[in-house]
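Engineer: start.txt is reproduced below (compact mmCIF, C-alpha atoms).
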```txt
# COMPACT_ATOMS: atom_id res chain seq x y z
CA MET H 1 0.00 0.00 0.00
CA THR H 2 1.60 3.23 -1.01
CA ASN H 3 1.82 6.34 1.06
CA ILE H 4 0.50 8.31 -1.87
CA SER H 5 -2.80 6.48 -1.89
CA HIS H 6 -3.06 7.07 1.86
CA ALA H 7 -2.46 10.73 1.38
CA LEU H 8 -5.09 11.04 -1.31
CA ALA H 9 -7.62 9.13 0.67
CA LEU H 10 -7.11 10.64 4.08
CA THR H 11 -6.86 14.30 3.33
CA GLU H 12 -10.49 14.25 2.23
CA SER H 13 -12.03 13.86 5.66
CA LEU H 14 -9.67 15.98 7.72
CA ARG H 15 -10.47 19.53 8.64
CA PRO H 16 -7.99 21.77 6.80
CA GLU H 17 -6.68 23.49 9.94
CA THR H 18 -6.13 20.15 11.69
CA LEU H 19 -4.40 18.75 8.66
CA ASP H 20 -2.13 21.78 8.34
CA GLU H 21 -1.30 21.71 12.02
CA LEU H 22 -0.58 18.00 11.99
CA GLU H 23 1.61 18.25 8.92
CA SER H 24 3.61 21.19 10.25
CA THR H 25 4.05 19.41 13.60
CA TRP H 26 5.08 16.29 11.72
CA SER H 27 7.71 18.30 9.86
CA ASP H 28 8.96 19.69 13.16
CA PHE H 29 9.25 16.18 14.53
CA VAL H 30 11.00 14.80 11.47
CA ASP H 31 13.47 17.70 11.47
CA SER H 32 14.12 17.17 15.22
CA ARG H 33 12.90 20.64 16.10
CA ALA H 34 12.07 21.33 19.72
CA GLY H 35 8.55 20.40 20.74
CA GLY H 36 7.88 18.25 17.67
CA GLY H 37 7.20 15.07 19.64
CA ARG H 38 5.12 16.84 22.25
CA GLY H 39 3.04 18.62 19.63
CA LEU H 40 2.49 15.39 17.76
CA TYR H 41 1.27 13.63 20.87
CA ASP H 42 -1.04 16.51 21.78
CA LEU H 43 -2.60 16.49 18.33
CA ILE H 44 -3.14 12.81 17.75
CA GLY H 45 -2.27 10.98 20.97
CA ASP H 46 -5.90 10.61 22.07
CA GLU H 47 -6.99 9.23 18.73
CA LEU H 48 -4.17 6.69 18.69
CA TYR H 49 -4.90 5.73 22.28
CA GLY H 50 -8.59 5.24 21.46
CA LEU H 51 -7.81 2.98 18.53
CA ALA H 52 -5.36 0.98 20.63
CA LEU H 53 -7.88 0.73 23.46
CA TRP H 54 -10.63 -0.46 21.17
CA THR H 55 -8.34 -3.02 19.56
CA THR H 56 -6.67 -4.39 22.68
CA GLY H 57 -9.50 -3.82 25.19
CA SER H 58 -7.05 -2.89 27.92
CA VAL H 59 -5.87 0.48 29.18
CA GLU H 60 -2.41 -0.83 30.02
CA ASP H 61 -2.01 -2.45 26.63
CA ALA H 62 -3.25 0.69 24.89
CA CYS H 63 -0.69 2.78 26.79
CA ASP H 64 2.03 0.31 25.81
CA VAL H 65 0.96 0.50 22.19
CA VAL H 66 1.03 4.31 22.11
CA GLN H 67 4.48 4.34 23.72
CA THR H 68 5.72 1.76 21.25
CA VAL H 69 4.40 3.80 18.34
CA PHE H 70 6.17 6.97 19.45
CA LEU H 71 9.43 5.13 20.14
CA LYS H 72 9.26 3.52 16.71
CA LEU H 73 8.73 6.96 15.25
CA LEU H 74 11.99 8.06 16.85
CA GLU H 75 13.81 5.07 15.41
CA ARG H 76 12.41 5.66 11.96
CA ARG H 77 12.79 9.43 12.04
CA PRO H 78 15.31 9.63 9.15
CA ALA H 79 12.94 7.73 6.88
CA LEU H 80 9.80 9.65 7.87
CA ARG H 81 10.37 12.36 5.28
CA ARG H 82 8.77 10.14 2.70
CA VAL H 83 5.49 9.86 4.63
CA ARG H 84 2.77 11.76 2.77
CA SER H 85 -0.06 11.41 5.26
CA PRO H 86 1.11 11.44 8.88
CA ARG H 87 -2.35 10.65 10.24
CA ALA H 88 -2.77 7.56 8.09
CA TYR H 89 0.76 6.45 8.89
CA LEU H 90 0.22 6.82 12.64
CA LEU H 91 -3.17 5.08 12.64
CA ARG H 92 -1.70 2.22 10.64
CA MET H 93 1.27 1.92 12.99
CA THR H 94 -1.06 1.91 15.99
CA ARG H 95 -3.26 -0.76 14.52
CA SER H 96 -0.25 -2.94 13.66
CA ALA H 97 1.28 -2.50 17.11
CA SER H 98 -2.06 -3.36 18.75
CA ILE H 99 -2.45 -6.52 16.69
CA ASP H 100 1.15 -7.53 17.44
CA LEU H 101 0.58 -7.05 21.15
CA LEU H 102 -2.69 -9.01 21.06
CA ARG H 103 -0.94 -11.88 19.28
CA LYS H 104 1.83 -11.90 21.85
CA ARG H 105 -0.34 -11.79 24.95
CA ARG H 106 -3.54 -13.61 24.13
CA ALA H 107 -5.68 -14.44 21.16
CA THR H 108 -8.86 -12.82 22.46
CA VAL H 109 -9.82 -10.38 25.17
CA ASP H 110 -11.56 -11.86 28.16
CA VAL H 111 -14.87 -10.07 28.54
CA ALA H 112 -14.73 -10.42 32.29
CA GLU H 113 -11.47 -8.46 32.38
CA VAL H 114 -13.01 -5.38 30.81
CA ASP H 115 -13.71 -2.93 33.57
CA ILE H 116 -12.76 0.26 31.75
CA PRO H 117 -15.31 1.97 29.51
CA LEU H 118 -14.23 1.99 25.89
CA LEU H 119 -16.36 5.06 25.31
CA VAL H 120 -17.64 8.11 27.10
CA ILE H 121 -21.35 8.89 27.22
CA ASP H 122 -22.46 12.38 26.32
CA PRO H 123 -24.05 14.30 29.20
CA GLY H 124 -27.82 13.92 29.49
CA ARG H 125 -27.95 10.42 28.07
CA ASN H 126 -29.02 7.58 30.25
CA VAL H 127 -26.71 4.88 28.95
CA ASP H 128 -24.43 2.64 30.94
CA ALA H 129 -20.98 3.13 29.41
CA ARG H 130 -19.63 0.02 31.12
CA ARG H 131 -22.43 -2.17 29.79
CA LEU H 132 -22.05 -0.77 26.27
CA SER H 133 -18.29 -1.31 26.47
CA GLY H 134 -18.95 -4.87 27.52
CA LEU H 135 -20.94 -5.34 24.34
CA VAL H 136 -18.32 -3.69 22.17
CA ILE H 137 -15.49 -5.80 23.54
CA GLN H 138 -17.30 -8.96 22.47
CA LEU H 139 -16.74 -7.99 18.86
CA PRO H 140 -13.63 -9.36 17.12
CA PRO H 141 -10.69 -6.89 17.10
CA PRO H 142 -10.90 -6.12 13.35
CA GLN H 143 -14.58 -5.18 13.72
CA ARG H 144 -13.85 -3.07 16.79
CA ALA H 145 -11.10 -1.20 14.95
CA THR H 146 -13.41 -0.62 11.99
CA VAL H 147 -16.20 0.73 14.20
CA TYR H 148 -13.75 3.03 15.98
CA LEU H 149 -12.27 4.40 12.76
CA ARG H 150 -15.70 4.89 11.23
CA PHE H 151 -17.55 6.25 14.21
CA PHE H 152 -14.96 8.26 16.12
CA SER H 153 -12.25 9.02 13.54
CA GLU H 154 -14.97 9.69 10.94
CA LEU H 155 -13.10 8.00 8.12
CA SER H 156 -14.71 6.63 5.00
CA PHE H 157 -14.74 2.90 4.33
CA ARG H 158 -12.15 3.40 1.63
CA GLN H 159 -9.86 5.14 4.10
CA ILE H 160 -10.48 2.46 6.73
CA GLY H 161 -9.67 -0.20 4.17
CA LEU H 162 -6.38 1.52 3.35
CA ILE H 163 -5.41 1.72 7.02
CA THR H 164 -6.44 -1.78 8.01
CA GLY H 165 -5.16 -3.37 4.81
CA VAL H 166 -8.48 -4.67 3.49
CA SER H 167 -10.75 -3.74 0.63
CA THR H 168 -13.41 -1.06 0.90
CA PHE H 169 -16.07 -3.73 0.68
CA THR H 170 -14.56 -5.70 3.56
CA ALA H 171 -14.31 -2.60 5.73
CA ALA H 172 -17.96 -1.72 5.06
CA SER H 173 -19.07 -5.26 5.68
CA ARG H 174 -17.17 -5.42 8.98
CA PHE H 175 -18.82 -2.22 10.10
CA ARG H 176 -22.33 -3.34 9.15
CA LEU H 177 -21.87 -6.70 10.84
CA ALA H 178 -20.53 -5.09 14.01
CA MET H 179 -23.35 -2.57 14.23
CA ARG H 180 -25.96 -5.25 13.65
CA ARG H 181 -24.48 -7.37 16.41
CA LEU H 182 -24.32 -4.41 18.79
CA ARG H 183 -27.94 -3.56 18.06
CA GLN H 184 -29.06 -7.14 18.65
CA TRP H 185 -27.09 -7.44 21.88
CA ALA H 186 -28.34 -4.09 23.14
CA GLU H 187 -31.96 -5.08 22.46
CA SER H 188 -31.54 -8.46 24.13
CA VAL H 189 -30.02 -6.84 27.22
CA ASP H 190 -32.82 -4.27 27.39
CA ARG H 191 -35.54 -6.91 27.35
CA MET O 1 -38.72 3.73 19.14
CA LYS O 2 -35.23 2.51 19.77
CA ASN O 3 -32.19 4.37 18.46
CA PRO O 4 -30.87 2.40 15.47
CA ASN O 5 -27.30 3.30 16.37
CA PRO O 6 -26.30 1.89 19.73
CA LEU O 7 -23.22 4.12 19.84
CA ALA O 8 -25.11 7.36 19.28
CA GLY O 9 -24.40 9.96 21.92
CA THR O 10 -21.01 8.54 22.81
CA HIS O 11 -17.49 9.66 22.10
CA ALA O 12 -14.07 8.08 22.31
CA PRO O 13 -12.24 8.12 25.64
CA THR O 14 -9.24 10.35 26.07
CA ALA O 15 -5.85 8.99 26.97
CA PRO O 16 -4.87 8.95 30.66
CA LEU O 17 -2.89 12.01 31.70
CA ARG O 18 0.04 9.88 32.85
CA LEU O 19 0.44 8.49 29.33
CA ARG O 20 1.51 11.86 27.96
CA SER O 21 4.30 12.22 30.51
CA GLN O 22 5.32 8.59 30.00
CA VAL O 23 5.54 8.94 26.24
CA LEU O 24 7.47 12.21 26.39
CA ALA O 25 9.85 10.84 29.03
CA SER O 26 10.56 7.72 27.03
CA MET O 27 11.15 9.78 23.91
CA ARG O 28 13.58 12.00 25.80
CA SER O 29 15.46 9.04 27.23
CA CYS O 30 15.79 7.42 23.82
CA PRO O 31 19.33 7.98 22.50
CA PRO O 32 19.53 10.40 19.57
CA ILE O 33 19.71 8.74 16.21
CA GLU O 34 22.63 9.81 14.08
CA SER O 35 21.60 11.47 10.91
CA GLN O 36 22.56 9.47 7.84
CA GLY O 37 24.60 10.83 5.01
CA PRO O 38 23.45 10.75 1.40
CA TRP O 39 25.48 7.61 0.68
CA GLU O 40 23.74 5.74 3.48
CA ARG O 41 20.31 7.07 2.57
CA ILE O 42 20.75 6.06 -1.02
CA TRP O 43 20.08 2.41 -0.15
CA GLU O 44 16.78 3.24 1.51
CA SER O 45 15.07 3.93 -1.76
CA ARG O 46 13.85 0.87 -3.60
CA ARG O 47 13.97 2.72 -6.91
CA LEU O 48 17.58 3.75 -6.42
CA ARG O 49 18.56 0.21 -5.45
CA LEU O 50 16.90 -1.03 -8.61
CA ALA O 51 18.69 1.62 -10.67
CA TRP O 52 22.04 0.54 -9.20
CA LEU O 53 21.31 -3.08 -10.01
CA ILE O 54 20.31 -2.30 -13.57
CA THR O 55 23.44 -0.16 -14.07
CA VAL O 56 25.71 -2.93 -12.84
CA LEU O 57 23.99 -5.53 -15.02
CA VAL O 58 24.20 -3.29 -18.10
CA LEU O 59 27.90 -2.66 -17.51
CA LEU O 60 28.51 -6.37 -17.08
CA ALA O 61 26.59 -7.17 -20.24
CA LEU O 62 28.49 -4.53 -22.22
CA ASN O 63 31.78 -5.90 -20.95
CA LEU O 64 30.93 -9.48 -21.85
CA ALA O 65 29.42 -8.76 -25.26
CA PRO O 66 31.82 -8.97 -28.28
CA SER O 67 32.94 -5.46 -29.13
CA PRO O 68 32.80 -4.31 -32.79
CA PHE O 69 36.21 -2.63 -32.27
CA GLY O 70 37.77 -5.64 -30.59
CA SER O 71 39.25 -7.25 -33.78
CA ARG O 72 40.86 -3.97 -34.94
CA VAL O 73 42.54 -3.44 -31.61
CA SER O 74 43.94 -6.95 -31.53
CA SER O 75 45.24 -6.72 -35.12
CA ASP O 76 47.01 -3.46 -34.23
CA ARG O 77 48.65 -5.17 -31.30
CA ALA O 78 49.71 -8.13 -33.49
CA ALA O 79 51.22 -5.80 -36.11
CA SER O 80 53.13 -3.93 -33.44
CA ARG O 81 54.47 -7.20 -32.09
CA ALA O 82 55.50 -8.33 -35.59
CA ARG O 83 57.35 -5.05 -36.17
CA ASN O 84 59.29 -5.43 -32.96
CA ARG O 85 60.14 -9.08 -33.42
CA PRO O 86 63.18 -8.70 -35.87
CA ASN O 87 64.76 -6.10 -33.64
CA SER O 88 64.48 -8.39 -30.66
CA GLU O 89 65.95 -11.27 -32.66
CA LEU O 90 68.88 -9.11 -33.76
CA ALA O 91 69.36 -7.96 -30.21
CA SER O 92 69.55 -11.58 -29.12
CA LEU O 93 72.43 -12.03 -31.65
CA GLY O 94 74.30 -9.24 -29.92
CA LEU O 95 73.62 -6.57 -32.57
CA SER O 96 72.10 -3.31 -31.50
CA GLY O 97 72.19 0.45 -31.82
CA PRO O 98 74.56 2.01 -34.42
CA ILE O 99 75.68 -1.37 -35.81
CA LEU O 100 72.13 -2.18 -36.78
CA LEU O 101 71.79 1.16 -38.52
CA ARG O 102 75.01 0.54 -40.45
CA LEU O 103 73.94 -2.97 -41.31
CA GLU O 104 70.58 -1.80 -42.60
CA ALA O 105 72.19 0.91 -44.77
CA SER O 106 74.93 -1.39 -46.12
CA THR O 107 72.80 -4.41 -47.06
CA ARG O 108 70.60 -2.63 -49.60
CA GLY O 109 71.00 -4.20 -53.05
CA ARG O 110 73.38 -6.96 -51.88
CA THR O 111 72.95 -10.72 -52.13
CA LEU O 112 72.26 -12.86 -49.11
CA GLY O 113 75.85 -14.18 -49.13
CA ASP O 114 77.24 -10.66 -49.14
CA GLN O 115 74.90 -9.68 -46.31
CA LEU O 116 76.06 -12.59 -44.14
CA GLU O 117 79.69 -11.75 -44.85
CA LEU O 118 79.04 -8.13 -43.87
CA LEU O 119 77.33 -9.28 -40.69
CA GLU O 120 80.37 -11.35 -39.71
CA THR O 121 82.64 -8.37 -40.40
CA LEU O 122 80.53 -6.09 -38.23
CA ARG O 123 80.51 -8.66 -35.46
CA GLY O 124 84.29 -8.80 -35.62
CA GLU O 125 84.49 -5.04 -35.33
CA GLN O 126 82.12 -5.07 -32.34
```
Any chance you could put this one into structure tokens?
Structural biologist:
Amino acid sequence: MTNISHALALTESLRPETLDELESTWSDFVDSRAGGGRGLYDLIGDELYGLALWTTGSVEDACDVVQTVFLKLLERRPALRRVRSPRAYLLRMTRSASIDLLRKRRATVDVAEVDIPLLVIDPGRNVDARRLSGLVIQLPPPQRATVYLRFFSELSFRQIGLITGVSTFTAASRFRLAMRRLRQWAESVDR
Amino acid sequence: MKNPNPLAGTHAPTAPLRLRSQVLASMRSCPPIESQGPWERIWESRRLRLAWLITVLVLLALNLAPSPFGSRVSSDRAASRARNRPNSELASLGLSGPILLRLEASTRGRTLGDQLELLETLRGEQ
């Protein structure tokens, strides 16, 4: 998958000011200017953490993943000049690091271990975040990552496919299947 | 009526505050990576590596292929060797320098017997 295709796909959904800020911060980081790493974390750290949390289902693992990603960035710094879309590159790195960590530690996440909400409920809504997180974590990791990228990162299925290394059709199908399952589980719990 | 989207009204969690300090600390403690020179960076590019490979293969192919100028060069060398051979043979007989010049000038228009006689005379003088 080329960086060029990432760049073309991912610049569509980003707000121009965010994109400009991220790209200038990325340049600062690549050129080893002061504050480059800090600025990069402040801009995209939460999004990377969220993706790692949704993929691994564990706060500790998600923190490990984000740390790993930023350390790998340091190691690869000389080669980062060729990256066209920093956001796509970082999301892809985070997803790969999360999958690697899941493979190393355990094949699946134990539902009983999940005691941290994977999402935050907007004020005024009477929804149990912990219960909803319990439903989300029952989805397979690829479906969870797809739902996160679609729902919270607001990426198109084509963009999600480019990041997760699958076709647009597969990304859309994963999302539909995940949402259908969540809906069914939520209804069955409510009854 | 139930909301068709079970995730409606939710947003992604933010990273713990300690993570920021952990990440920044680990990045600070990481040893600085030496910047690479152009000759080290040149191998990072797949296209450049391919260009190098193609160049080497082309040079090898050109070197191995029969050259259209190869026969002319070798014939020149053979002619040069043939021109030098009599001198080296005469030198092996002990004749060289001014004697050879005298011999060459004196043998014009003479028979082979006369030439041999002259050669013996010159040897005696030497």
Engineer: Find the nearest atom pair between each residue of chain H and chain O for residues within 6 Å, count only C-alpha atoms, give distances in Å to one decimal, sort rows by chain and ascending number, and present the table as JSON lines.
Structural biologist:
```
{"residue": "H:Asp46", "atom": "CA", "partner": "O:Ala15", "partner_atom": "CA", "distance": 5.2}
{"residue": "H:Tyr49", "atom": "CA", "partner": "O:Ala15", "partner_atom": "CA", "distance": 5.8}
{"residue": "H:Gln67", "atom": "CA", "partner": "O:Val23", "partner_atom": "CA", "distance": 5.4}
{"residue": "H:Leu119", "atom": "CA", "partner": "O:Ala12", "partner_atom": "CA", "distance": 4.8}
{"residue": "H:Val120", "atom": "CA", "partner": "O:His11", "partner_atom": "CA", "distance": 5.2}
{"residue": "H:Ile121", "atom": "CA", "partner": "O:Thr10", "partner_atom": "CA", "distance": 4.4}
{"residue": "H:Asp122", "atom": "CA", "partner": "O:Gly9", "partner_atom": "CA", "distance": 5.4}
{"residue": "H:Arg183", "atom": "CA", "partner": "O:Pro6", "partner_atom": "CA", "distance": 5.9}
```
Engineer: With C-alpha atoms retained, write the just-selected residues as an mmCIF file, keeping the file's coordinate frame.
Structural biologist:
```cif
data_model
loop_
_atom_site.group_PDB
_atom_site.id
_atom_site.type_symbol
_atom_site.label_atom_id
_atom_site.label_comp_id
_atom_site.auth_asym_id
_atom_site.auth_seq_id
_atom_site.Cartn_x
_atom_site.Cartn_y
_atom_site.Cartn_z
ATOM 1 C CA ASP H 46 -5.900 10.610 22.070
ATOM 2 C CA TYR H 49 -4.900 5.730 22.280
ATOM 3 C CA GLN H 67 4.480 4.340 23.720
ATOM 4 C CA LEU H 119 -16.360 5.060 25.310
ATOM 5 C CA VAL H 120 -17.640 8.110 27.100
ATOM 6 C CA ILE H 121 -21.350 8.890 27.220
ATOM 7 C CA ASP H 122 -22.460 12.380 26.320
ATOM 8 C CA ARG H 183 -27.940 -3.560 18.060
#
```
Engineer: Got a sec: who's within 10 Å of stretch 141-146 of chain H, counting all atoms listed in the file, leaving out chain neighbours fewer than 4 positions off, as a ChimeraX atom specification?
Structural biologist: /H:50-57,95,98-99,102,107-109,136-137,150-153,155,157,160-161,163-164,170-179
Engineer: Take the residues that were just selected and, keeping C-alpha atoms, output them as a PDB file, in the frame of the given file.
Structural biologist:
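Result saved to out_19.pdb:
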```
ATOM      1  CA  GLY H  50      -8.590   5.240  21.460  1.00  0.00           C
ATOM      2  CA  LEU H  51      -7.810   2.980  18.530  1.00  0.00           C
ATOM      3  CA  ALA H  52      -5.360   0.980  20.630  1.00  0.00           C
ATOM      4  CA  LEU H  53      -7.880   0.730  23.460  1.00  0.00           C
ATOM      5  CA  TRP H  54     -10.630  -0.460  21.170  1.00  0.00           C
ATOM      6  CA  THR H  55      -8.340  -3.020  19.560  1.00  0.00           C
ATOM      7  CA  THR H  56      -6.670  -4.390  22.680  1.00  0.00           C
ATOM      8  CA  GLY H  57      -9.500  -3.820  25.190  1.00  0.00           C
ATOM      9  CA  ARG H  95      -3.260  -0.760  14.520  1.00  0.00           C
ATOM     10  CA  SER H  98      -2.060  -3.360  18.750  1.00  0.00           C
ATOM     11  CA  ILE H  99      -2.450  -6.520  16.690  1.00  0.00           C
ATOM     12  CA  LEU H 102      -2.690  -9.010  21.060  1.00  0.00           C
ATOM     13  CA  ALA H 107      -5.680 -14.440  21.160  1.00  0.00           C
ATOM     14  CA  THR H 108      -8.860 -12.820  22.460  1.00  0.00           C
ATOM     15  CA  VAL H 109      -9.820 -10.380  25.170  1.00  0.00           C
ATOM     16  CA  VAL H 136     -18.320  -3.690  22.170  1.00  0.00           C
ATOM     17  CA  ILE H 137     -15.490  -5.800  23.540  1.00  0.00           C
ATOM     18  CA  ARG H 150     -15.700   4.890  11.230  1.00  0.00           C
ATOM     19  CA  PHE H 151     -17.550   6.250  14.210  1.00  0.00           C
ATOM     20  CA  PHE H 152     -14.960   8.260  16.120  1.00  0.00           C
ATOM     21  CA  SER H 153     -12.250   9.020  13.540  1.00  0.00           C
ATOM     22  CA  LEU H 155     -13.100   8.000   8.120  1.00  0.00           C
ATOM     23  CA  PHE H 157     -14.740   2.900   4.330  1.00  0.00           C
ATOM     24  CA  ILE H 160     -10.480   2.460   6.730  1.00  0.00           C
ATOM     25  CA  GLY H 161      -9.670  -0.200   4.170  1.00  0.00           C
ATOM     26  CA  ILE H 163      -5.410   1.720   7.020  1.00  0.00           C
ATOM     27  CA  THR H 164      -6.440  -1.780   8.010  1.00  0.00           C
ATOM     28  CA  THR H 170     -14.560  -5.700   3.560  1.00  0.00           C
ATOM     29  CA  ALA H 171     -14.310  -2.600   5.730  1.00  0.00           C
ATOM     30  CA  ALA H 172     -17.960  -1.720   5.060  1.00  0.00           C
ATOM     31  CA  SER H 173     -19.070  -5.260   5.680  1.00  0.00           C
ATOM     32  CA  ARG H 174     -17.170  -5.420   8.980  1.00  0.00           C
ATOM     33  CA  PHE H 175     -18.820  -2.220  10.100  1.00  0.00           C
ATOM     34  CA  ARG H 176     -22.330  -3.340   9.150  1.00  0.00           C
ATOM     35  CA  LEU H 177     -21.870  -6.700  10.840  1.00  0.00           C
ATOM     36  CA  ALA H 178     -20.530  -5.090  14.010  1.00  0.00           C
ATOM     37  CA  MET H 179     -23.350  -2.570  14.230  1.00  0.00           C
TER      38      MET H 179
END
```
Engineer: For H:Gly35, work out the shell of residues within 9 Å, counting all atoms listed in the file and skipping chain neighbours fewer than 6 positions away, then give it as an MDAnalysis selection string.
Structural biologist: chainID H and resid 25 28:29
Engineer: Mind pulling up the distance from atom CA of H:Arg82 to atom CA of H:Ser24?
Structural biologist: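 Value for the atom CA of H:Ser24-atom CA of H:Arg82 distance: 14.3 Å.
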Engineer: In terms of the shortest atom-to-atom distance over all atoms listed in the file, which of H:Gly134, H:Pro78, H:Gly165, H:Gly124 is closest to H:Met93?
Structural biologist: H:Gly165
Engineer: So which one's closest to H:Val30, H:Leu139, H:Tyr89, H:Val65, H:Arg76? Using only C-alpha atoms, please.
Structural biologist: H:Arg76
Engineer: Please measure the separation of atom CA of H:Arg92 and atom CA of H:Leu149, giving the value in Å to one decimal.
Structural biologist: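 Interatomic distance, atom CA of H:Arg92 to atom CA of H:Leu149: 11.0 Å.
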Engineer: Let me know the centre plus edge lengths, in Å and rounded to one decimal, of a box with edges along x, y and z that contains all listed atoms of stretch 171-174 of chain H and is padded by 8 Å on every side, as JSON.
Structural biologist:
```
{"center_x": -16.7, "center_y": -3.6, "center_z": 7.0, "size_x": 20.8, "size_y": 19.7, "size_z": 19.9}
```
Engineer: What does the structure give for the distance between atom CA of H:Glu47 and atom CA of H:Gln184, in Å to one decimal?
Structural biologist: 27.5 Å
